[in-house]
Structures are given as structure tokens and as C-alpha cells.
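**Student:** Sharing my_file02.txt below, compact mmCIF, C-alpha atoms:
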# COMPACT_ATOMS: atom_id res chain seq x y z
CA MET N 1 28.69 8.42 2.82
CA ASP N 2 30.38 11.00 0.58
CA ASN N 3 31.06 10.40 -3.07
CA TYR N 4 32.71 11.83 -6.17
CA ILE N 5 29.98 10.87 -8.59
CA LYS N 6 29.45 14.46 -9.79
CA LYS N 7 33.18 14.99 -10.36
CA PHE N 8 33.66 11.78 -12.35
CA ARG N 9 30.41 12.27 -14.24
CA GLN N 10 31.46 15.75 -15.36
CA GLN N 11 34.89 14.44 -16.31
CA LYS N 12 33.21 11.88 -18.54
CA GLY N 13 30.97 14.60 -20.00
CA LEU N 14 27.77 12.86 -19.00
CA THR N 15 24.55 14.52 -17.90
CA GLN N 16 22.63 13.26 -14.88
CA GLU N 17 19.95 11.94 -17.24
CA GLN N 18 22.49 10.01 -19.31
CA LEU N 19 24.09 8.46 -16.24
CA ALA N 20 20.66 7.58 -14.85
CA GLN N 21 19.74 5.84 -18.11
CA GLN N 22 23.01 3.90 -18.14
CA VAL N 23 22.54 2.55 -14.62
CA GLY N 24 18.76 2.12 -14.84
CA VAL N 25 17.54 4.63 -12.26
CA ARG N 26 15.59 7.89 -12.34
CA ARG N 27 17.45 11.20 -12.69
CA GLU N 28 16.26 12.27 -9.24
CA THR N 29 18.17 9.36 -7.73
CA ILE N 30 21.39 10.63 -9.29
CA VAL N 31 20.63 14.10 -7.86
CA PHE N 32 20.10 12.61 -4.39
CA LEU N 33 23.29 10.56 -4.72
CA GLU N 34 25.40 13.52 -5.79
CA GLN N 35 24.09 15.57 -2.89
CA GLY N 36 24.98 12.75 -0.49
CA LYS N 37 21.35 12.39 0.58
CA TYR N 38 21.01 8.78 -0.49
CA ASN N 39 23.25 5.75 -0.02
CA PRO N 40 22.99 3.43 -3.02
CA SER N 41 22.69 -0.34 -2.91
CA LEU N 42 25.83 -2.32 -3.69
CA ASN N 43 24.35 -3.18 -7.07
CA LEU N 44 23.78 0.47 -7.98
CA ALA N 45 27.17 1.53 -6.61
CA TYR N 46 28.87 -1.03 -8.86
CA GLY N 47 26.72 0.05 -11.77
CA ILE N 48 27.73 3.69 -11.37
CA ALA N 49 31.43 2.79 -10.93
CA LYS N 50 31.25 0.70 -14.11
CA ALA N 51 29.45 3.45 -16.05
CA LEU N 52 32.03 6.03 -14.96
CA LYS N 53 34.89 3.56 -15.48
CA VAL N 54 36.37 4.07 -12.02
CA LYS N 55 36.97 1.82 -9.04
CA ILE N 56 34.20 1.75 -6.49
CA ASP N 57 36.80 2.67 -3.80
CA ASP N 58 37.62 5.88 -5.68
CA LEU N 59 33.95 6.82 -6.00
CA PHE N 60 32.73 6.48 -2.43
CA ILE N 61 34.23 7.61 0.85
CA LEU N 62 33.03 6.18 4.12
CA LYS N 63 32.78 9.00 6.67
CA MET A 1 5.70 6.18 -24.84
CA THR A 2 7.46 8.56 -22.45
CA ILE A 3 6.89 8.64 -18.69
CA LYS A 4 5.33 12.11 -19.00
CA GLN A 5 2.78 10.89 -21.56
CA TYR A 6 1.96 7.93 -19.35
CA LYS A 7 1.41 10.20 -16.33
CA ILE A 8 -0.94 12.46 -18.34
CA ILE A 9 -2.97 9.46 -19.50
CA LYS A 10 -3.04 8.13 -15.92
CA LEU A 11 -4.38 11.46 -14.66
CA ALA A 12 -7.05 11.48 -17.38
CA VAL A 13 -8.07 7.93 -16.46
CA VAL A 14 -8.36 8.90 -12.78
CA ILE A 15 -10.59 11.88 -13.69
CA ILE A 16 -12.79 9.65 -15.88
CA ILE A 17 -13.05 7.02 -13.10
CA ALA A 18 -14.01 9.68 -10.55
CA PHE A 19 -16.71 11.01 -12.89
CA ILE A 20 -18.11 7.54 -13.61
CA PHE A 21 -18.05 6.67 -9.90
CA SER A 22 -19.99 9.79 -8.94
CA GLN A 23 -22.57 9.17 -11.68
CA SER A 24 -22.89 5.51 -10.69
CA VAL A 25 -23.52 6.40 -7.05
CA ILE A 26 -26.28 8.80 -8.17
CA ALA A 27 -27.75 6.09 -10.43
CA GLN A 28 -27.18 3.45 -7.72
CA ASN A 29 -25.49 1.17 -10.20
CA PHE A 30 -22.49 -0.64 -8.74
CA PHE A 31 -21.61 -2.79 -11.74
CA ILE A 32 -20.42 0.12 -13.90
CA PRO A 33 -17.75 1.41 -11.43
CA VAL A 34 -16.35 -2.08 -10.86
CA ALA A 35 -16.20 -2.73 -14.60
CA THR A 36 -14.62 0.70 -15.16
CA LEU A 37 -12.02 0.00 -12.50
CA VAL A 38 -11.05 -3.34 -14.04
CA VAL A 39 -10.88 -1.93 -17.58
CA SER A 40 -8.85 1.09 -16.41
CA ALA A 41 -6.40 -1.12 -14.51
CA LEU A 42 -5.90 -3.29 -17.61
CA ILE A 43 -5.40 -0.23 -19.85
CA LEU A 44 -2.86 1.28 -17.44
CA LEU A 45 -1.06 -2.07 -17.12
CA PHE A 46 -0.86 -2.33 -20.91
CA LEU A 47 0.39 1.26 -21.28
CA ARG A 48 2.92 0.87 -18.48
CA ARG A 49 4.59 -1.93 -20.38
CA ARG A 50 5.03 0.41 -23.35
CA VAL A 51 6.78 3.11 -21.33
CA SER A 52 10.44 3.54 -22.18
CA GLY A 53 12.53 4.68 -19.25
CA VAL A 54 12.66 3.90 -15.57
CA MET A 55 9.32 4.33 -13.78
CA ALA A 56 10.66 3.51 -10.32
CA ASP A 57 14.02 2.53 -8.91
CA GLU A 58 15.49 1.31 -5.61
CA ARG A 59 15.15 4.74 -3.94
CA ASP A 60 11.42 4.79 -4.79
CA TYR A 61 10.98 1.31 -3.33
CA GLN A 62 12.83 2.36 -0.17
CA SER A 63 10.71 5.51 0.17
CA GLY A 64 7.61 3.45 -0.60
CA GLY A 65 8.44 1.03 2.22
CA ARG A 66 8.89 3.84 4.73
CA ALA A 67 5.73 5.60 3.53
CA ALA A 68 3.75 2.34 3.82
CA ILE A 69 4.89 1.74 7.42
CA LEU A 70 4.03 5.32 8.38
CA ALA A 71 0.64 5.15 6.64
CA ILE A 72 -0.20 1.88 8.42
CA GLN A 73 0.80 3.32 11.80
CA ILE A 74 -1.22 6.50 11.28
CA TYR A 75 -4.27 4.58 10.06
CA SER A 76 -4.06 2.10 12.95
CA TRP A 77 -3.85 4.81 15.60
CA VAL A 78 -6.67 6.87 14.09
CA ALA A 79 -8.85 3.77 13.64
CA VAL A 80 -8.26 2.58 17.22
CA ILE A 81 -9.01 6.03 18.70
CA PHE A 82 -12.19 6.33 16.62
CA MET A 83 -13.16 2.76 17.48
CA PHE A 84 -13.07 3.47 21.23
CA TRP A 85 -14.85 6.77 20.76
CA LEU A 86 -17.62 5.11 18.69
CA TYR A 87 -17.96 2.29 21.23
CA SER A 88 -18.40 4.84 23.99
CA MET A 89 -21.05 6.64 21.90
CA GLN A 90 -23.03 3.53 20.91
CA ASP A 91 -25.80 4.38 23.38
CA THR A 92 -26.61 7.46 21.35
CA ASN A 93 -26.72 5.53 18.06
CA PRO A 94 -26.55 1.69 17.82
CA ASP A 95 -25.07 1.95 14.30
CA TYR A 96 -21.82 3.25 15.82
CA GLU A 97 -21.04 -0.24 17.09
CA ALA A 98 -20.98 -1.69 13.56
CA ILE A 99 -18.67 1.11 12.41
CA ALA A 100 -16.40 0.51 15.42
CA ILE A 101 -16.24 -3.24 14.64
CA ALA A 102 -15.48 -2.48 10.99
CA LEU A 103 -12.65 -0.16 12.04
CA ALA A 104 -11.25 -2.71 14.51
CA PHE A 105 -11.35 -5.53 11.96
CA SER A 106 -9.90 -3.44 9.15
CA THR A 107 -6.99 -2.45 11.43
CA CYS A 108 -6.38 -6.07 12.45
CA ILE A 109 -6.53 -7.29 8.85
CA LEU A 110 -4.21 -4.50 7.70
CA LEU A 111 -1.65 -5.31 10.40
CA LEU A 112 -1.88 -9.05 9.72
CA LEU A 113 -1.47 -8.49 6.01
CA TYR A 114 1.53 -6.29 6.67
CA SER A 115 3.04 -8.96 8.95
CA PHE A 116 2.56 -11.65 6.31
CA ILE A 117 4.06 -9.56 3.53
CA PHE A 118 6.94 -8.44 5.75
CA THR A 119 7.65 -12.04 6.76
CA TYR A 120 7.55 -13.06 3.11
CA TYR A 121 10.18 -10.53 2.11
CA ASN A 122 12.22 -10.89 5.28
CA LYS A 123 12.36 -14.68 5.71
CA PHE A 124 10.11 -16.61 3.36
CA LYS A 125 12.23 -15.94 0.28
CA LEU A 126 15.20 -17.68 1.92
CA THR A 127 13.43 -20.79 3.16
CA ASN A 128 13.15 -24.15 1.41
CA LYS A 129 9.81 -24.97 3.05
CA LYS A 130 7.85 -22.57 0.84
CA PHE A 131 4.90 -24.91 0.31
CA LEU A 132 4.53 -25.60 4.04
CA TYR A 133 4.62 -21.93 5.04
CA GLY A 134 2.55 -20.92 2.02
CA GLY A 135 -0.10 -23.45 2.99
CA LEU A 136 -0.12 -22.21 6.57
CA ILE A 137 -0.55 -18.61 5.43
CA VAL A 138 -3.45 -19.57 3.13
CA LEU A 139 -5.03 -21.55 6.02
CA VAL A 140 -4.76 -18.61 8.42
CA MET A 141 -6.20 -16.27 5.78
CA ILE A 142 -9.17 -18.61 5.21
CA ILE A 143 -9.83 -18.85 8.98
CA LEU A 144 -9.65 -15.06 9.27
CA LEU A 145 -11.99 -14.66 6.32
CA LEU A 146 -14.50 -17.09 7.82
CA LEU A 147 -14.32 -15.35 11.20
CA THR A 148 -14.82 -11.98 9.56
CA LEU A 149 -17.81 -13.24 7.56
CA ARG A 150 -19.25 -14.79 10.74
CA VAL A 151 -18.97 -11.52 12.67
CA PHE A 152 -20.36 -9.37 9.87
CA SER A 153 -23.03 -11.81 8.75
CA GLY A 154 -25.56 -10.33 11.22
CA GLU A 155 -26.93 -13.80 11.95
CA ASP A 156 -26.95 -13.30 15.73
CA ASN A 157 -28.16 -9.85 16.60
CA TRP A 158 -30.94 -7.76 18.08
CA ILE A 159 -33.30 -6.25 15.52
CA CYS A 160 -35.51 -3.27 16.17
CA LYS A 161 -39.06 -4.10 15.03
CA ASN A 162 -42.27 -2.23 15.89
CA GLY A 163 -40.64 -0.50 18.86
CA GLU A 164 -39.27 -3.74 20.32
CA TRP A 165 -35.87 -5.42 20.33
CA ILE A 166 -36.32 -8.85 18.76
CA LYS A 167 -33.76 -11.64 19.00
CA HIS A 168 -32.37 -12.71 15.62
CA GLY A 169 -30.41 -15.94 15.89
CA GLN A 170 -28.64 -16.49 19.23
CA PRO A 171 -26.90 -13.24 20.27
CA ASP A 172 -24.79 -13.84 23.37
CA TRP A 173 -25.30 -10.30 24.68
CA PRO A 174 -28.35 -8.58 26.18
CA ALA A 175 -30.71 -6.42 24.14
CA PRO A 176 -29.54 -2.81 23.61
CA THR A 177 -30.56 -0.43 26.36
CA VAL A 178 -31.33 2.39 23.94
CA GLU A 179 -34.89 3.03 22.90
CA CYS A 180 -36.01 1.13 19.80
CA LYS A 181 -37.76 3.51 17.40
Would you mind giving the structure from this file in C-alpha cells?
**Tutor:**
Amino acid sequence: MDNYIKKFRQQKGLTQEQLAQQVGVRRETIVFLEQGKYNPSLNLAYGIAKALKVKIDDLFILK
Amino acid sequence: MTIKQYKIIKLAVVIIIAFIFSQSVIAQNFFIPVATLVVSALILLFLRRRVSGVMADERDYQSGGRAAILAIQIYSWVAVIFMFWLYSMQDTNPDYEAIAIALAFSTCILLLLYSFIFTYYNKFKLTNKKFLYGGLIVLVMIILLLLTLRVFSGEDNWICKNGEWIKHGQPDWPAPTVECK
């Protein structure tokens, strides 16, 4: 699954650490997510969408 | 406390435990290492609660699950191979049989434990008959424990005494063919 987490995060001016703190995960998980090497749970996906103030549909693309 | 500080303390505790363990083995005192282990676990548990920040998240749990399955598979295969090898070598040293039995039982217990825990997470959490299934699990564990104690109790065995194999209890197998020294 591809995603635009990095793009929206940078638009919001957040660091990976800040985003990780907001959604309650480790920074490494954000790195893995941004590189498309990890598919988040629904809970985490919603958490990230909420933190970045975007719709979940706009954040993730099903290949 | 930060995660980094916690990890440094954890490393220091591990080094201290290793040192105490080695000294206790030399001194043949087994109370000190057990006490050290309990105290260390309590200290780490207390410190972990004071850590600000996320220690582990869903990705860690997922990786942990995969790592656990792989570790169990590797251990089981290695233990089974060694078990057969030790059984085949028991004529050269009768002690190999006890090691082979220990390996076989540890593998069985590990796999059973894994099955129970897997069933708990996979099905048990959804059921309404928790007491019934919980009771059954406890019963099976008690039976397994009793069987294990029975096998390892050494009540029924052949003992080497003054160059002769002497029956201890009622072993249902013939005396070892190897020379009793």
C-alpha cells in the first residue's frame, strides 16, 4: 500500500518524531510507513489521518 | 525518564546479573541469583512505568510475533534432531537419554504453551465460556505438570551400584546394556 504520509507531514511542518508522538508509535514506525515497508492497522491509519488533518482516503492508496 | 536512560540502566542491570550469576555458580549458591533476578525484574518494572515515550508499538508486536514463531520452529527442529542423535548415542553414555528426554519434553511443553497462548488470542477472547475453557486449560496444564514430574522423578529406573545395575522402583524396561562402572 502506498501513502502520502511524508508529503502531508512536511506540509504540516511536523518531524517524524513529532508525528510519532502524536499517534503514539515509535519514530521508526513512521520511517517504515513513509517508505511503504509497513501497512498500519486501521487504528493507526485513522490516528495518522487525524493528526495530519486529512481524509484517510487521501492518505493511502491501495495498489 | 527517557527511553535511552532506561535502556542504559537495563544494560547495567544485565551486566550486574551476569556477574552475580557467575559468582553464585562458583560459590554454588543458588538463592542469590534467584533473589537477584526477582529484585532486578521488580526494579526494571518500576523504571519502565516511569519512562515517558513509546517503548513498543504495533509494528514491534507484529515483529515480535513473527520472531517468536521462527524462534519456536528453530528450537523445535534443533531439539528434535539432537534428541534423536542423543538417543542413538545412549549406549556410549547413559546420561544422554536423560538429556534427550529433557529436550523432547521441553519441545512439547513449548509447543503446547504456544498453542494455548495462540488459541487464547485467536479465539478465547471472543468466547463467552471463558471460565469453562480456562478451567480446561488449567486442568490440562496440571495433568502435564504431573506427567512431567512423574517422568523426571527418577522413581522407576536402573541405578548403577558397585558395578551392577540395580532396579529402583518398577522400571518397565530392561537394564541398560552398557557396562556399569
**Student:** Could you pull the residues within 12 Å of Lys7 in chain A, counting all atoms listed in the file, minus those fewer than 4 positions along the same chain, as a PDB file with C-alpha atoms, keeping the file's coordinate frame?
**Tutor:**
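The result, stored in selection-v7.pdb:
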ATOM      1  CA  MET A   1       5.700   6.180 -24.840  1.00  0.00           C
ATOM      2  CA  THR A   2       7.460   8.560 -22.450  1.00  0.00           C
ATOM      3  CA  ILE A   3       6.890   8.640 -18.690  1.00  0.00           C
ATOM      4  CA  LEU A  11      -4.380  11.460 -14.660  1.00  0.00           C
ATOM      5  CA  ALA A  12      -7.050  11.480 -17.380  1.00  0.00           C
ATOM      6  CA  VAL A  13      -8.070   7.930 -16.460  1.00  0.00           C
ATOM      7  CA  VAL A  14      -8.360   8.900 -12.780  1.00  0.00           C
ATOM      8  CA  LEU A  44      -2.860   1.280 -17.440  1.00  0.00           C
ATOM      9  CA  LEU A  47       0.390   1.260 -21.280  1.00  0.00           C
ATOM     10  CA  ARG A  48       2.920   0.870 -18.480  1.00  0.00           C
ATOM     11  CA  VAL A  51       6.780   3.110 -21.330  1.00  0.00           C
ATOM     12  CA  MET A  55       9.320   4.330 -13.780  1.00  0.00           C
TER      13      MET A  55
END
**Student:** Name the closest residue to chain A among the candidates N:Gln16, N:Pro40, N:Leu59, N:Val31; distances are taken between atoms, counting only C-alpha atoms.
**Tutor:**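 Under the stated criterion, the closest residue is N:Pro40.
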**Student:** Quick one: which residues from chain A are at most 8 Å off chain N, using all atoms listed in the file, as a list in words?
**Tutor:**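 That gives the following set of residues: Gly53, Val54, Met55, Ala56, Asp57, Glu58 and Arg59 of chain A.
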**Student:** Just how far from CA of Ile69 in chain A is CA of Tyr114 in chain A, in Å to one decimal?
**Tutor:** 8.7 Å
**Student:** What's the 8 Å shell around range 50-53 of chain N, counting all atoms listed in the file, without same-chain residues fewer than 6 positions away, as a list in words?
**Tutor:**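 Contacts, in chain order: Phe8, Arg9, Lys12, Leu19, Gln22 and Val23 of chain N.
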**Student:** Any idea what the distance is between CA of Gln62 in chain A and CA of Met1 in chain N?
**Tutor:**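 If I compute the distance from CA of Gln62 in chain A to CA of Met1 in chain N, I get 17.2 Å.
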**Student:** Rounded to one decimal, what separation in Å do you get between CA of Cys160 in chain A and CA of Cys180 in chain A?
**Tutor:** 5.7 Å
**Student:** What's the 8 Å shell around range 84-98 of chain A, counting all atoms listed in the file, without same-chain residues fewer than 6 positions away, as a PDB file with C-alpha atoms, in the coordinates of the input?
**Tutor:**
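What follows is the written file selection07.pdb:
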ATOM      1  CA  PRO A 176     -29.540  -2.810  23.610  1.00  0.00           C
ATOM      2  CA  THR A 177     -30.560  -0.430  26.360  1.00  0.00           C
ATOM      3  CA  VAL A 178     -31.330   2.390  23.940  1.00  0.00           C
TER       4      VAL A 178
END
**Student:** Which one is closest to Asn3 in chain N: N:Val54, N:Leu42, N:Ile48, N:Leu33? Count all atoms listed in the file.
**Tutor:**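 Closest candidate: N:Leu33.
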**Student:** Neighbouring residues of range 35-38 of chain A were defined as those with any atom within 12 Å, considering all atoms listed in the file; residues of the same chain fewer than 2 positions away were excluded. Please report them as a list in words.
**Tutor:** Val13, Val14, Ile15, Ile16, Ile17, Ala18, Phe19, Ile20, Phe21, Ser24, Asn29, Phe30, Phe31, Ile32, Pro33, Ser40, Ala41, Leu42, Ile43, Leu44 and Leu45 of chain A
**Student:** Now that the selection is made, can you save its residues with C-alpha atoms as a short mmCIF file (atom, residue, chain, number, x, y, z; two decimals), in the coordinates of the input?
**Tutor:**
data_model
loop_
_atom_site.label_atom_id
_atom_site.label_comp_id
_atom_site.auth_asym_id
_atom_site.auth_seq_id
_atom_site.Cartn_x
_atom_site.Cartn_y
_atom_site.Cartn_z
CA VAL A 13 -8.07 7.93 -16.46
CA VAL A 14 -8.36 8.90 -12.78
CA ILE A 15 -10.59 11.88 -13.69
CA ILE A 16 -12.79 9.65 -15.88
CA ILE A 17 -13.05 7.02 -13.10
CA ALA A 18 -14.01 9.68 -10.55
CA PHE A 19 -16.71 11.01 -12.89
CA ILE A 20 -18.11 7.54 -13.61
CA PHE A 21 -18.05 6.67 -9.90
CA SER A 24 -22.89 5.51 -10.69
CA ASN A 29 -25.49 1.17 -10.20
CA PHE A 30 -22.49 -0.64 -8.74
CA PHE A 31 -21.61 -2.79 -11.74
CA ILE A 32 -20.42 0.12 -13.90
CA PRO A 33 -17.75 1.41 -11.43
CA SER A 40 -8.85 1.09 -16.41
CA ALA A 41 -6.40 -1.12 -14.51
CA LEU A 42 -5.90 -3.29 -17.61
CA ILE A 43 -5.40 -0.23 -19.85
CA LEU A 44 -2.86 1.28 -17.44
CA LEU A 45 -1.06 -2.07 -17.12
#
**Student:** Quick one: axis-aligned box around all listed atoms of range 13-21 of chain A, 4 Å on every side, centre and edge lengths in Å to one decimal, written as AutoDock Vina command-line options.
**Tutor:**
--center_x -13.1 --center_y 9.3 --center_z -13.2 --size_x 18.0 --size_y 13.2 --size_z 14.6
